[in-house]
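Text of the file my_file_28.cif, holding mmCIF, C-alpha atoms; chains and numbers go by the auth columns:
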```cif
data_upload
loop_
_atom_site.group_PDB
_atom_site.id
_atom_site.type_symbol
_atom_site.label_atom_id
_atom_site.label_comp_id
_atom_site.label_asym_id
_atom_site.label_seq_id
_atom_site.Cartn_x
_atom_site.Cartn_y
_atom_site.Cartn_z
_atom_site.B_iso_or_equiv
_atom_site.auth_seq_id
_atom_site.auth_asym_id
ATOM 1 C CA MET A 1 151.799 -100.419 3.807 0.00 104 A
ATOM 2 C CA SER A 2 151.862 -96.893 5.229 0.00 105 A
ATOM 3 C CA ILE A 3 151.557 -94.499 2.280 0.00 106 A
ATOM 4 C CA ALA A 4 151.270 -95.113 -1.435 0.00 107 A
ATOM 5 C CA ALA A 5 150.830 -93.090 -4.595 0.00 108 A
ATOM 6 C CA GLU A 6 149.288 -94.542 -7.718 0.00 109 A
ATOM 7 C CA ASN A 7 149.961 -93.025 -11.152 0.00 110 A
ATOM 8 C CA LEU A 8 149.992 -89.426 -9.961 0.00 111 A
ATOM 9 C CA ALA A 9 149.862 -86.657 -12.527 0.00 112 A
ATOM 10 C CA TRP A 10 149.837 -82.941 -11.757 0.00 113 A
ATOM 11 C CA GLY A 11 150.656 -79.677 -13.451 0.00 114 A
ATOM 12 C CA VAL A 12 150.081 -75.948 -13.644 0.00 115 A
ATOM 13 C CA GLY A 13 148.200 -74.675 -16.651 0.00 116 A
ATOM 14 C CA ARG A 14 149.582 -76.479 -19.672 0.00 117 A
ATOM 15 C CA LYS A 15 152.831 -77.400 -17.927 0.00 118 A
ATOM 16 C CA THR A 16 153.057 -80.941 -16.619 0.00 119 A
ATOM 17 C CA ILE A 17 155.061 -81.118 -13.385 0.00 120 A
ATOM 18 C CA LEU A 18 154.559 -84.805 -12.477 0.00 121 A
ATOM 19 C CA ASN A 19 153.519 -87.637 -14.745 0.00 122 A
ATOM 20 C CA ASP A 20 152.647 -91.236 -13.838 0.00 123 A
ATOM 21 C CA VAL A 21 154.434 -91.231 -10.463 0.00 124 A
ATOM 22 C CA SER A 22 153.867 -94.273 -8.244 0.00 125 A
ATOM 23 C CA LEU A 23 155.513 -95.231 -4.961 0.00 126 A
ATOM 24 C CA THR A 24 154.956 -97.226 -1.800 0.00 127 A
ATOM 25 C CA VAL A 25 156.588 -96.645 1.572 0.00 128 A
ATOM 26 C CA GLN A 26 156.568 -99.288 4.256 0.00 129 A
ATOM 27 C CA PRO A 27 155.931 -98.214 7.878 0.00 130 A
ATOM 28 C CA GLY A 28 158.951 -96.866 9.707 0.00 131 A
ATOM 29 C CA THR A 29 161.207 -96.516 6.677 0.00 132 A
ATOM 30 C CA ILE A 30 162.890 -93.429 5.214 0.00 133 A
ATOM 31 C CA LEU A 31 162.439 -92.720 1.507 0.00 134 A
ATOM 32 C CA GLY A 32 164.752 -90.118 0.006 0.00 135 A
ATOM 33 C CA LEU A 33 163.512 -88.069 -2.951 0.00 136 A
ATOM 34 C CA LEU A 34 166.283 -87.059 -5.327 0.00 137 A
ATOM 35 C CA GLY A 35 166.352 -85.155 -8.575 0.00 138 A
ATOM 36 C CA PRO A 36 167.636 -81.986 -10.182 0.00 139 A
ATOM 37 C CA ASN A 37 165.941 -78.640 -9.581 0.00 140 A
ATOM 38 C CA GLY A 38 162.524 -78.595 -11.217 0.00 141 A
ATOM 39 C CA SER A 39 162.177 -82.378 -11.260 0.00 142 A
ATOM 40 C CA GLY A 40 158.986 -82.312 -9.148 0.00 143 A
ATOM 41 C CA LYS A 41 160.177 -83.225 -5.633 0.00 144 A
ATOM 42 C CA SER A 42 158.371 -80.391 -3.812 0.00 145 A
ATOM 43 C CA SER A 43 155.211 -80.889 -5.850 0.00 146 A
ATOM 44 C CA LEU A 44 155.200 -84.601 -5.050 0.00 147 A
ATOM 45 C CA LEU A 45 155.485 -83.918 -1.311 0.00 148 A
ATOM 46 C CA ARG A 46 152.554 -81.480 -1.461 0.00 149 A
ATOM 47 C CA LEU A 47 150.457 -84.085 -3.283 0.00 150 A
ATOM 48 C CA LEU A 48 151.354 -86.775 -0.762 0.00 151 A
ATOM 49 C CA ALA A 49 150.427 -84.440 2.109 0.00 152 A
ATOM 50 C CA GLY A 50 147.055 -83.646 0.545 0.00 153 A
ATOM 51 C CA LEU A 51 147.751 -79.930 0.067 0.00 154 A
ATOM 52 C CA VAL A 52 146.916 -80.170 -3.627 0.00 155 A
ATOM 53 C CA ARG A 53 144.800 -82.602 -5.613 0.00 156 A
ATOM 54 C CA PRO A 54 146.305 -84.603 -8.463 0.00 157 A
ATOM 55 C CA VAL A 55 144.974 -84.265 -11.983 0.00 158 A
ATOM 56 C CA SER A 56 144.843 -88.054 -12.022 0.00 159 A
ATOM 57 C CA GLY A 57 145.882 -90.885 -9.747 0.00 160 A
ATOM 58 C CA ARG A 58 145.516 -91.044 -5.985 0.00 161 A
ATOM 59 C CA VAL A 59 147.362 -91.109 -2.673 0.00 162 A
ATOM 60 C CA THR A 60 146.398 -93.610 0.025 0.00 163 A
ATOM 61 C CA LEU A 61 147.143 -94.044 3.720 0.00 164 A
ATOM 62 C CA ASP A 62 146.773 -97.650 4.821 0.00 165 A
ATOM 63 C CA GLY A 63 144.687 -98.189 1.691 0.00 166 A
ATOM 64 C CA GLN A 64 142.339 -95.221 2.274 0.00 167 A
ATOM 65 C CA ASP A 65 142.225 -92.451 -0.341 0.00 168 A
ATOM 66 C CA ILE A 66 143.349 -89.246 1.400 0.00 169 A
ATOM 67 C CA ALA A 67 140.908 -87.245 -0.751 0.00 170 A
ATOM 68 C CA ARG A 68 138.120 -88.884 1.290 0.00 171 A
ATOM 69 C CA MET A 69 139.696 -88.251 4.682 0.00 172 A
ATOM 70 C CA ARG A 70 138.728 -85.373 6.968 0.00 173 A
ATOM 71 C CA ARG A 71 141.358 -82.645 7.045 0.00 174 A
ATOM 72 C CA ARG A 72 141.676 -82.952 10.820 0.00 175 A
ATOM 73 C CA ASP A 73 142.288 -86.696 10.603 0.00 176 A
ATOM 74 C CA LEU A 74 144.881 -86.163 7.870 0.00 177 A
ATOM 75 C CA ALA A 75 146.646 -83.496 9.964 0.00 178 A
ATOM 76 C CA ARG A 76 146.915 -85.946 12.850 0.00 179 A
ATOM 77 C CA ARG A 77 148.684 -88.426 10.579 0.00 180 A
ATOM 78 C CA ILE A 78 150.939 -86.321 8.349 0.00 181 A
ATOM 79 C CA ALA A 79 153.330 -83.460 9.093 0.00 182 A
ATOM 80 C CA LEU A 80 154.990 -81.551 6.245 0.00 183 A
ATOM 81 C CA VAL A 81 157.999 -79.260 6.609 0.00 184 A
ATOM 82 C CA GLN A 82 158.248 -77.100 3.503 0.00 185 A
ATOM 83 C CA GLN A 83 161.310 -75.234 2.276 0.00 186 A
ATOM 84 C CA HIS A 84 160.220 -71.722 3.187 0.00 187 A
ATOM 85 C CA ALA A 85 158.230 -70.462 6.157 0.00 188 A
ATOM 86 C CA ALA A 86 157.572 -66.771 6.780 0.00 189 A
ATOM 87 C CA THR A 87 155.332 -64.674 8.966 0.00 190 A
ATOM 88 C CA GLU A 88 155.152 -60.980 9.793 0.00 191 A
ATOM 89 C CA MET A 89 153.551 -61.685 13.172 0.00 192 A
ATOM 90 C CA ASN A 90 155.517 -61.101 16.369 0.00 193 A
ATOM 91 C CA VAL A 91 155.382 -64.643 17.732 0.00 194 A
ATOM 92 C CA THR A 92 157.778 -66.638 19.866 0.00 195 A
ATOM 93 C CA VAL A 93 159.489 -69.906 19.034 0.00 196 A
ATOM 94 C CA GLN A 94 157.189 -71.657 21.511 0.00 197 A
ATOM 95 C CA ASP A 95 154.131 -70.177 19.765 0.00 198 A
ATOM 96 C CA VAL A 96 155.288 -71.531 16.403 0.00 199 A
ATOM 97 C CA VAL A 97 155.928 -75.031 17.742 0.00 200 A
ATOM 98 C CA MET A 98 152.555 -75.014 19.547 0.00 201 A
ATOM 99 C CA LEU A 99 150.874 -74.679 16.126 0.00 202 A
ATOM 100 C CA GLY A 100 151.707 -78.345 15.653 0.00 203 A
ATOM 101 C CA ARG A 101 149.230 -79.196 18.400 0.00 204 A
ATOM 102 C CA ILE A 102 146.188 -77.666 16.651 0.00 205 A
ATOM 103 C CA PRO A 103 144.987 -80.983 15.123 0.00 206 A
ATOM 104 C CA HIS A 104 144.933 -82.521 18.606 0.00 207 A
ATOM 105 C CA ARG A 105 142.891 -79.788 20.324 0.00 208 A
ATOM 106 C CA ALA A 106 139.180 -79.083 20.346 0.00 209 A
ATOM 107 C CA PRO A 107 138.145 -75.711 18.877 0.00 210 A
ATOM 108 C CA LEU A 108 138.837 -72.848 21.329 0.00 211 A
ATOM 109 C CA ALA A 109 140.452 -75.248 23.807 0.00 212 A
ATOM 110 C CA GLY A 110 143.481 -74.066 25.724 0.00 213 A
ATOM 111 C CA CYS A 111 146.894 -75.662 25.972 0.00 214 A
ATOM 112 C CA SER A 112 146.826 -78.962 27.845 0.00 215 A
ATOM 113 C CA GLN A 113 149.639 -80.695 29.709 0.00 216 A
ATOM 114 C CA ALA A 114 149.956 -83.095 26.772 0.00 217 A
ATOM 115 C CA ASP A 115 150.420 -80.120 24.441 0.00 218 A
ATOM 116 C CA ALA A 116 153.074 -78.581 26.683 0.00 219 A
ATOM 117 C CA THR A 117 154.942 -81.876 26.961 0.00 220 A
ATOM 118 C CA ALA A 118 154.887 -82.404 23.187 0.00 221 A
ATOM 119 C CA VAL A 119 156.274 -78.905 22.601 0.00 222 A
ATOM 120 C CA ASP A 120 159.004 -79.361 25.221 0.00 223 A
ATOM 121 C CA THR A 121 160.042 -82.678 23.689 0.00 224 A
ATOM 122 C CA ALA A 122 160.075 -81.310 20.135 0.00 225 A
ATOM 123 C CA LEU A 123 162.199 -78.294 21.089 0.00 226 A
ATOM 124 C CA ALA A 124 164.694 -80.550 22.847 0.00 227 A
ATOM 125 C CA GLN A 125 164.887 -82.877 19.830 0.00 228 A
ATOM 126 C CA VAL A 126 166.055 -80.038 17.553 0.00 229 A
ATOM 127 C CA ASP A 127 168.269 -78.368 20.193 0.00 230 A
ATOM 128 C CA MET A 128 166.115 -75.210 20.410 0.00 231 A
ATOM 129 C CA THR A 129 164.948 -75.311 24.043 0.00 232 A
ATOM 130 C CA THR A 130 166.922 -72.232 25.043 0.00 233 A
ATOM 131 C CA PHE A 131 165.271 -70.286 22.191 0.00 234 A
ATOM 132 C CA ARG A 132 161.685 -70.972 23.268 0.00 235 A
ATOM 133 C CA HIS A 133 160.927 -67.363 24.304 0.00 236 A
ATOM 134 C CA GLU A 134 162.858 -65.740 21.440 0.00 237 A
ATOM 135 C CA SER A 135 161.005 -63.893 18.684 0.00 238 A
ATOM 136 C CA TRP A 136 160.598 -65.718 15.382 0.00 239 A
ATOM 137 C CA GLN A 137 161.749 -62.556 13.602 0.00 240 A
ATOM 138 C CA SER A 138 165.107 -62.639 15.413 0.00 241 A
ATOM 139 C CA LEU A 139 166.061 -66.131 14.224 0.00 242 A
ATOM 140 C CA SER A 140 168.533 -67.042 11.516 0.00 243 A
ATOM 141 C CA GLY A 141 167.476 -69.148 8.556 0.00 244 A
ATOM 142 C CA GLY A 142 168.896 -72.293 10.111 0.00 245 A
ATOM 143 C CA GLU A 143 167.217 -71.625 13.441 0.00 246 A
ATOM 144 C CA ARG A 144 163.872 -71.080 11.720 0.00 247 A
ATOM 145 C CA GLN A 145 164.315 -74.366 9.913 0.00 248 A
ATOM 146 C CA ARG A 146 164.867 -76.204 13.189 0.00 249 A
ATOM 147 C CA VAL A 147 161.791 -74.554 14.721 0.00 250 A
ATOM 148 C CA GLN A 148 159.646 -75.644 11.765 0.00 251 A
ATOM 149 C CA ILE A 149 160.870 -79.202 12.229 0.00 252 A
ATOM 150 C CA ALA A 150 160.025 -78.958 15.929 0.00 253 A
ATOM 151 C CA ARG A 151 156.504 -77.827 14.984 0.00 254 A
ATOM 152 C CA ALA A 152 156.144 -80.924 12.814 0.00 255 A
ATOM 153 C CA LEU A 153 157.424 -83.196 15.593 0.00 256 A
ATOM 154 C CA ALA A 154 155.035 -81.597 18.117 0.00 257 A
ATOM 155 C CA GLN A 155 152.253 -82.682 15.774 0.00 258 A
ATOM 156 C CA GLN A 156 153.228 -86.269 16.686 0.00 259 A
ATOM 157 C CA PRO A 157 152.635 -87.600 13.166 0.00 260 A
ATOM 158 C CA ARG A 158 152.978 -91.123 11.882 0.00 261 A
ATOM 159 C CA GLU A 159 154.187 -89.853 8.499 0.00 262 A
ATOM 160 C CA LEU A 160 156.765 -87.057 8.274 0.00 263 A
ATOM 161 C CA PHE A 161 157.540 -85.281 4.989 0.00 264 A
ATOM 162 C CA LEU A 162 160.456 -82.862 4.728 0.00 265 A
ATOM 163 C CA ASP A 163 161.397 -80.709 1.736 0.00 266 A
ATOM 164 C CA GLU A 164 165.137 -79.965 1.754 0.00 267 A
ATOM 165 C CA PRO A 165 165.267 -79.943 5.586 0.00 268 A
ATOM 166 C CA THR A 166 169.035 -79.368 5.730 0.00 269 A
ATOM 167 C CA ASN A 167 168.871 -76.052 3.842 0.00 270 A
ATOM 168 C CA HIS A 168 170.468 -73.211 5.851 0.00 271 A
ATOM 169 C CA LEU A 169 171.830 -75.615 8.479 0.00 272 A
ATOM 170 C CA ASP A 170 175.509 -75.899 9.369 0.00 273 A
ATOM 171 C CA ILE A 171 177.066 -79.333 8.934 0.00 274 A
ATOM 172 C CA GLN A 172 176.643 -80.296 12.600 0.00 275 A
ATOM 173 C CA HIS A 173 172.919 -79.613 12.562 0.00 276 A
ATOM 174 C CA GLN A 174 172.519 -81.226 9.136 0.00 277 A
ATOM 175 C CA LEU A 175 173.901 -84.482 10.493 0.00 278 A
ATOM 176 C CA ASP A 176 172.104 -84.145 13.833 0.00 279 A
ATOM 177 C CA LEU A 177 168.785 -83.623 12.048 0.00 280 A
ATOM 178 C CA LEU A 178 169.198 -86.587 9.713 0.00 281 A
ATOM 179 C CA ARG A 179 170.290 -88.796 12.603 0.00 282 A
ATOM 180 C CA LEU A 180 167.208 -87.664 14.524 0.00 283 A
ATOM 181 C CA ILE A 181 164.903 -88.544 11.625 0.00 284 A
ATOM 182 C CA SER A 182 166.543 -91.966 11.368 0.00 285 A
ATOM 183 C CA THR A 183 165.794 -92.705 15.043 0.00 286 A
ATOM 184 C CA LEU A 184 162.165 -91.515 15.189 0.00 287 A
ATOM 185 C CA GLY A 185 160.661 -94.703 13.784 0.00 288 A
ATOM 186 C CA LEU A 186 158.297 -92.647 11.606 0.00 289 A
ATOM 187 C CA THR A 187 157.460 -93.256 7.981 0.00 290 A
ATOM 188 C CA SER A 188 159.502 -90.429 6.460 0.00 291 A
ATOM 189 C CA ILE A 189 159.856 -89.006 2.952 0.00 292 A
ATOM 190 C CA VAL A 190 162.713 -86.531 2.637 0.00 293 A
ATOM 191 C CA ALA A 191 163.652 -84.460 -0.406 0.00 294 A
ATOM 192 C CA LEU A 192 167.424 -84.000 -0.435 0.00 295 A
ATOM 193 C CA HIS A 193 170.097 -82.463 -2.639 0.00 296 A
ATOM 194 C CA ASP A 194 173.096 -84.028 -0.915 0.00 297 A
ATOM 195 C CA LEU A 195 173.513 -87.469 -2.471 0.00 298 A
ATOM 196 C CA ASN A 196 175.899 -88.689 0.221 0.00 299 A
ATOM 197 C CA HIS A 197 173.422 -87.738 2.941 0.00 300 A
ATOM 198 C CA ALA A 198 170.790 -89.694 1.031 0.00 301 A
ATOM 199 C CA ALA A 199 173.064 -92.737 0.872 0.00 302 A
ATOM 200 C CA MET A 200 173.896 -92.474 4.584 0.00 303 A
ATOM 201 C CA PHE A 201 170.436 -92.042 6.060 0.00 304 A
ATOM 202 C CA CYS A 202 167.766 -93.316 3.650 0.00 305 A
ATOM 203 C CA ASP A 203 166.484 -96.874 3.399 0.00 306 A
ATOM 204 C CA ARG A 204 165.313 -96.316 -0.177 0.00 307 A
ATOM 205 C CA LEU A 205 165.721 -93.665 -2.841 0.00 308 A
ATOM 206 C CA LEU A 206 163.328 -92.498 -5.529 0.00 309 A
ATOM 207 C CA VAL A 207 164.835 -90.380 -8.301 0.00 310 A
ATOM 208 C CA LEU A 208 162.739 -87.963 -10.345 0.00 311 A
ATOM 209 C CA ASP A 209 163.756 -86.421 -13.637 0.00 312 A
ATOM 210 C CA GLY A 210 161.422 -84.298 -15.701 0.00 313 A
ATOM 211 C CA GLY A 211 158.501 -85.226 -13.460 0.00 314 A
ATOM 212 C CA ARG A 212 158.911 -88.979 -13.932 0.00 315 A
ATOM 213 C CA VAL A 213 160.388 -91.727 -11.756 0.00 316 A
ATOM 214 C CA VAL A 214 163.659 -92.901 -13.269 0.00 317 A
ATOM 215 C CA ALA A 215 164.939 -95.049 -10.375 0.00 318 A
ATOM 216 C CA ASP A 216 163.561 -96.541 -7.161 0.00 319 A
ATOM 217 C CA GLY A 217 165.382 -98.857 -4.780 0.00 320 A
ATOM 218 C CA PRO A 218 168.126 -99.196 -2.149 0.00 321 A
ATOM 219 C CA PRO A 219 170.798 -96.463 -2.234 0.00 322 A
ATOM 220 C CA ASP A 220 173.628 -98.715 -3.407 0.00 323 A
ATOM 221 C CA GLU A 221 171.507 -99.906 -6.341 0.00 324 A
ATOM 222 C CA VAL A 222 170.137 -96.489 -7.321 0.00 325 A
ATOM 223 C CA LEU A 223 173.256 -94.336 -6.990 0.00 326 A
ATOM 224 C CA THR A 224 175.237 -95.595 -9.943 0.00 327 A
ATOM 225 C CA ALA A 225 177.722 -93.746 -12.121 0.00 328 A
ATOM 226 C CA GLU A 226 175.343 -94.138 -15.054 0.00 329 A
ATOM 227 C CA LEU A 227 172.388 -92.601 -13.216 0.00 330 A
ATOM 228 C CA LEU A 228 174.388 -89.685 -11.831 0.00 331 A
ATOM 229 C CA ALA A 229 175.781 -88.929 -15.282 0.00 332 A
ATOM 230 C CA GLY A 230 172.384 -89.169 -16.946 0.00 333 A
ATOM 231 C CA VAL A 231 170.253 -87.325 -14.382 0.00 334 A
ATOM 232 C CA PHE A 232 172.647 -84.999 -12.556 0.00 335 A
ATOM 233 C CA LYS A 233 175.220 -84.546 -15.356 0.00 336 A
ATOM 234 C CA VAL A 234 178.197 -85.325 -13.115 0.00 337 A
ATOM 235 C CA GLU A 235 180.997 -87.887 -13.193 0.00 338 A
ATOM 236 C CA CYS A 236 181.940 -89.700 -10.019 0.00 339 A
ATOM 237 C CA ASP A 237 183.641 -92.628 -8.340 0.00 340 A
ATOM 238 C CA PHE A 238 182.498 -94.630 -5.303 0.00 341 A
ATOM 239 C CA HIS A 239 184.031 -96.192 -2.252 0.00 342 A
ATOM 240 C CA ARG A 240 182.591 -98.068 0.708 0.00 343 A
ATOM 241 C CA THR A 241 182.439 -96.443 4.135 0.00 344 A
ATOM 242 C CA SER A 242 183.230 -98.339 7.331 0.00 345 A
ATOM 243 C CA ASP A 243 179.519 -99.118 7.773 0.00 346 A
ATOM 244 C CA GLY A 244 179.249 -100.540 4.265 0.00 347 A
ATOM 245 C CA ARG A 245 177.457 -97.638 2.579 0.00 348 A
ATOM 246 C CA HIS A 246 178.258 -95.951 -0.725 0.00 349 A
ATOM 247 C CA HIS A 247 180.231 -92.725 -0.603 0.00 350 A
ATOM 248 C CA ILE A 248 180.317 -90.658 -3.775 0.00 351 A
ATOM 249 C CA LEU A 249 183.493 -88.896 -4.897 0.00 352 A
ATOM 250 C CA PHE A 250 182.803 -86.278 -7.573 0.00 353 A
ATOM 251 C CA ARG A 251 185.390 -85.744 -10.270 0.00 354 A
#
```

Can the structure in the file be given as structure tokens, please?
Amino acid sequence: MSIAAENLAWGVGRKTILNDVSLTVQPGTILGLLGPNGSGKSSLLRLLAGLVRPVSGRVTLDGQDIARMRRRDLARRIALVQQHAATEMNVTVQDVVMLGRIPHRAPLAGCSQADATAVDTALAQVDMTTFRHESWQSLSGGERQRVQIARALAQQPRELFLDEPTNHLDIQHQLDLLRLISTLGLTSIVALHDLNHAAMFCDRLLVLDGGRVVADGPPDEVLTAELLAGVFKVECDFHRTSDGRHHILFR
């Protein structure tokens, strides 16, 4: 087992955001998080990454409670790409991606050859090599998204969490990114809005509604007409693609 959550509960003030959420993700598999806006997907990713503490329950990596792990050790294991990233600093694309190497460097240490190689590889993976000396402030939303994913890849994690990673991307880069994630061999948890992308690229799906898990399993078992009507309030039909996966046709 790579990562697991046991009976997580979390909220803000008197508002409960997540309640009794449990999951397990086997090494090297991709779990897609689905649910309507406000269902708790982003909050769950932040809990799994250790950025916030649950009110109750726990998250474990290989059976070890992440609340007892050193932050540096956790940062060497897990990379999180959140929905929004902003800075007023005048930094280059290369500078941003190099931030992913911080967990691997001693305090005050300079950039090593291993750091440079990791940054080069990450930029190439997201097709941003030619942008390496461009200013962060000059980038489009989609370009910034790809740079943030490169930063996460430069971190060389074993677990990769992404919150709506295809936001702002054109269709080519949406598909390229999801194909890339599927070939990395990492344990990945990806929050998605596009249900067909989830069916195409995820090994398993977990559906949240109102902060609770309402479905968990393979895409063709989870994405049913009944679930989509009940959770997403849409009617649909299905057909099989040439590779045997579900494709959803919305009415």

### Message
Residue by residue, what does the PyMOL selection byres ((chain A and resi 277) around 12) grab here? Present the result as a PyMOL selection string.
### Response
chain A and resi 229+245-246+248-249+267-276+278-284+295+297+300-301+304

### Message
So that I can see what lies close to Ala253 of chain A, please list as number ranges by chain the residues with an atom at most 7 Å from it, counting only C-alpha atoms and leaving out residues fewer than 6 positions away in the same chain.
### Response
A: 200, 225-226, 229

### Query
Out of A:Thr119, A:Phe353, A:Leu263, A:Ala255, which residue has the shortest atom-to-atom distance to Ala332 of chain A when counting only C-alpha atoms?
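Nearest to Ala332 of chain A: A:Phe353.
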
### Message
Ranking A:Ser291, A:Gln258, A:Ser345, A:Thr163 by minimum distance to Gly131 of chain A and counting only C-alpha atoms, which one comes first?
### Response
A:Ser291

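Residue nearest Val115 of chain A within the list A:Ser146, A:Thr344, A:Ser243, A:Ser238: A:Ser146 [criterion: smallest interatomic distance, all atoms listed in the file].
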
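Once the PyMOL selection byres ((chain A and resi 203-205) around 7) is applied to the depicted file, the selected set reads Val200, Met201, Leu202, Pro206, His207, Arg208, Asp218, Arg254, Ala255, Ala257 and Gln258 of chain A.
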
### Task
Write out as an MDAnalysis selection string which residues come within 12 Å of Ala108 of chain A when counting only C-alpha atoms, dropping same-chain ones fewer than 6 positions away.
chainID A and resid 122:128 147:148 150:153 157 159:169

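Of note, atom CA of Ile120 of chain A and atom CA of Gly138 of chain A are spaced 12.9 Å apart.
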
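Distance annotation: of A:Ile292, A:Leu137, A:Ala318, A:Val158, the residue with the minimal separation from Arg117 of chain A is A:Val158; atom set is only C-alpha atoms.
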
#### Entry: Atom pair atom CA of Glu338 of chain A / atom CA of Pro322 of chain A: separation (Å)
17.3 Å

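Distances here use only C-alpha atoms; by that measure, the residue among A:Arg171, A:Thr290, A:Asp312, A:Leu183 closest to Leu154 of chain A is A:Leu183.
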
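Between Leu121 of chain A and the residues A:Glu324, A:Leu134, A:Ser142, A:Glu329, the shortest atom-to-atom distance, using all atoms listed in the file, involves A:Ser142.
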
With 4 Å on each side, where is the centre of the axis-aligned box around all listed atoms of segment 164-182 of chain A, and how long are its edges in Å to one decimal, as lines of an AutoDock Vina configuration file?
```
center_x = 145.7
center_y = -90.4
center_z = 6.0
size_x = 23.2
size_y = 23.5
size_z = 21.6
```

#### Entry: Interatomic distance, atom CA of Trp239 of chain A to atom CA of Gln259 of chain A (Å, one decimal)
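These two atoms are separated by 21.9 Å.
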
#### Entry: Selection dump of the PyMOL selection byres ((chain A and resi 352) around 6), as a PyMOL selection string
chain A and resi 339-341+351+353
